[in-house]
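Asks: Have a look at this one before I ask anything.
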Amino acid sequence: MKITITIFTLAAALFSQLSFAKARIPIPYGTADKIIKMVDLPDQEEFQLEDGRYFDIGSYYTINHIVWLAYSSSEPQIVGYVEDSDEYLVFTPEELKQIAEIANVEIPAEAEVSFMHRVGGKIILGIIGLFVIYGIYSSYFSKDEEEEKQHDSAETA
């Protein structure tokens with residue numbers, strides 16, 4: 001009877017360890033569409049949508065991210081930016097010239113990507129990677145040096 005209880009207890013402990021081994025820390029990653037405002041257009045009837053909202057000129061691009069830090073982005077394009085929304089309007093270069101003439105503003109020739117999405121995420125991910133590499137290095141190789149120092153001090157004593 002004692003052997004049966006011991007075997008069941010060991011089996012339960014083994015299976016509980018296997019279930020805990022499957023638990024993982026979720027790391028958010030994937031792609032996200034981003035739109036940033038480039039040019040503020042006046043709130044005129046020409047720049048009003050059917051639902052009454054106005055649009056501005058923005059830059060649309062897609063980022064690839066890990067832990068909300070972008071490591072790459074797609075080629076940006078100039079679009080109509082509808083504030084506080086994920087909606088955007090696609091314009092041809094001729095339409096953009098007409099909008100610039102009507103609004104009396106200068107629209108940049110190229111779309112832009114924000115600094116954090118272009119470079120900042122790569123810098124922060126690189127720093128985190130260096131800390132991880134240093135931690136792995138110090139945990140595996142610094143113990144040998146400490147053991148040698150203890151061994152040397154034990155020999156001299």
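In the structure tokens, each chain is lettered A, B, ... as it comes, each chain's residues begin at 1, and ligands are numbered from 1 in order of appearance.
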Would you mind listing what lies within 12 Å of Gly120 in chain A as a VMD selection string, with only C-alpha atoms counted and same-chain residues fewer than 2 positions away left out?
Replies: chain A and resid 65 68 to 72 113 to 118 122 to 127
Asks: Take the selection from the previous step and output its residues with C-alpha atoms, as a PDB file, in the first residue's frame.
Replies:
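Dumped to result01.pdb:
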ATOM      1  CA  HIS A  65       7.408  45.009 -33.745  1.00  0.00           C
ATOM      2  CA  TRP A  68       5.937  47.172 -28.943  1.00  0.00           C
ATOM      3  CA  LEU A  69       9.373  48.216 -30.236  1.00  0.00           C
ATOM      4  CA  ALA A  70       9.595  48.494 -34.029  1.00  0.00           C
ATOM      5  CA  TYR A  71      12.468  46.699 -35.728  1.00  0.00           C
ATOM      6  CA  SER A  72      11.417  47.388 -39.341  1.00  0.00           C
ATOM      7  CA  VAL A 113       8.462  57.538 -40.631  1.00  0.00           C
ATOM      8  CA  SER A 114       8.633  58.582 -36.970  1.00  0.00           C
ATOM      9  CA  PHE A 115      12.033  58.363 -35.245  1.00  0.00           C
ATOM     10  CA  MET A 116      10.957  55.666 -32.780  1.00  0.00           C
ATOM     11  CA  HIS A 117       9.653  53.465 -35.594  1.00  0.00           C
ATOM     12  CA  ARG A 118      12.656  54.075 -37.855  1.00  0.00           C
ATOM     13  CA  LYS A 122      16.232  49.114 -32.991  1.00  0.00           C
ATOM     14  CA  ILE A 123      18.436  50.981 -30.507  1.00  0.00           C
ATOM     15  CA  ILE A 124      16.388  49.911 -27.481  1.00  0.00           C
ATOM     16  CA  LEU A 125      16.142  46.285 -28.688  1.00  0.00           C
ATOM     17  CA  GLY A 126      19.924  46.304 -29.270  1.00  0.00           C
ATOM     18  CA  ILE A 127      20.567  47.540 -25.720  1.00  0.00           C
TER      19      ILE A 127
END
Asks: Per DSSP on the backbone, what are the helix (DSSP H, G or I) residues of range 1-118 of chain A, as JSON, numbers by chain?
Replies: {"A": [2, 3, 4, 5, 6, 7, 8, 9, 10, 11, 12, 13, 14, 15, 16, 17, 18, 19, 20, 21, 45, 46, 47, 93, 94, 95, 96, 97, 98, 99, 100, 101, 102, 103, 115, 116, 117, 118]}
Asks: Can you list, as a compact mmCIF listing (two decimals) with N, CA and C atoms, in the first residue's frame, every protein, DNA or RNA residue that comes within 8 Å of range 74-90 of chain A when you count only C-alpha atoms, leaving out same-chain residues fewer than 5 positions away?
Replies:
# COMPACT_ATOMS: atom_id res chain seq x y z
N ILE A 35 -0.21 55.75 -38.85
CA ILE A 35 -0.41 56.96 -39.63
C ILE A 35 0.01 58.14 -38.76
N ILE A 36 0.91 58.96 -39.28
CA ILE A 36 1.31 60.16 -38.55
C ILE A 36 0.92 61.39 -39.37
N LYS A 37 0.58 62.45 -38.68
CA LYS A 37 0.15 63.69 -39.33
C LYS A 37 1.37 64.45 -39.83
N ARG A 53 -16.40 64.93 -40.90
CA ARG A 53 -15.04 65.06 -40.40
C ARG A 53 -14.13 65.63 -41.48
N TYR A 54 -13.05 66.25 -41.04
CA TYR A 54 -12.07 66.82 -41.97
C TYR A 54 -10.83 65.94 -42.00
N PHE A 55 -10.12 65.98 -43.14
CA PHE A 55 -8.89 65.21 -43.23
C PHE A 55 -7.70 66.14 -43.38
N ASP A 56 -6.54 65.62 -43.01
CA ASP A 56 -5.26 66.29 -43.16
C ASP A 56 -4.36 65.38 -43.99
N ILE A 57 -3.13 65.82 -44.21
CA ILE A 57 -2.17 65.00 -44.96
C ILE A 57 -1.29 64.27 -43.95
N GLY A 58 -1.12 62.96 -44.16
CA GLY A 58 -0.32 62.15 -43.25
C GLY A 58 0.54 61.15 -43.98
N SER A 59 1.31 60.42 -43.20
CA SER A 59 2.19 59.39 -43.71
C SER A 59 1.72 58.04 -43.18
N TYR A 60 1.50 57.09 -44.07
CA TYR A 60 1.01 55.76 -43.71
C TYR A 60 2.12 54.74 -43.95
N TYR A 61 2.36 53.87 -42.96
CA TYR A 61 3.34 52.80 -43.09
C TYR A 61 2.98 51.68 -42.13
N THR A 62 3.59 50.54 -42.33
CA THR A 62 3.38 49.37 -41.49
C THR A 62 4.67 49.05 -40.77
N ILE A 63 4.58 48.75 -39.46
CA ILE A 63 5.77 48.39 -38.70
C ILE A 63 5.69 46.93 -38.27
N GLU A 110 8.19 63.45 -50.07
CA GLU A 110 8.27 62.08 -49.58
C GLU A 110 7.60 61.95 -48.22
N ALA A 111 7.01 60.81 -48.00
CA ALA A 111 6.41 60.52 -46.69
C ALA A 111 7.52 60.21 -45.70
N GLU A 112 7.20 60.34 -44.42
CA GLU A 112 8.22 60.12 -43.40
C GLU A 112 7.75 59.07 -42.41
N VAL A 113 8.72 58.52 -41.69
CA VAL A 113 8.46 57.54 -40.63
C VAL A 113 8.95 58.16 -39.33
Asks: Write out as a ChimeraX atom specification each polymer residue whose atoms come within 12 Å of Val105 in chain A, counting only C-alpha atoms; drop sequence neighbours fewer than 6 positions from it.
Replies: /A:38-42,56-57,96-99
Asks: Would you give me, as a ChimeraX atom specification, the residues in chain A that DSSP reads as strand (DSSP E)?
Replies: /A:29-39,55-66,69-73,77-82,88-90
Asks: My list of candidates is A:Glu46, A:Leu130, A:Ile66, A:Ser142. Which is closest to Glu101 in chain A when distances are computed with only C-alpha atoms?
Replies: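 Looking at the shortest contact to Glu101 in chain A, the residue is A:Glu46.
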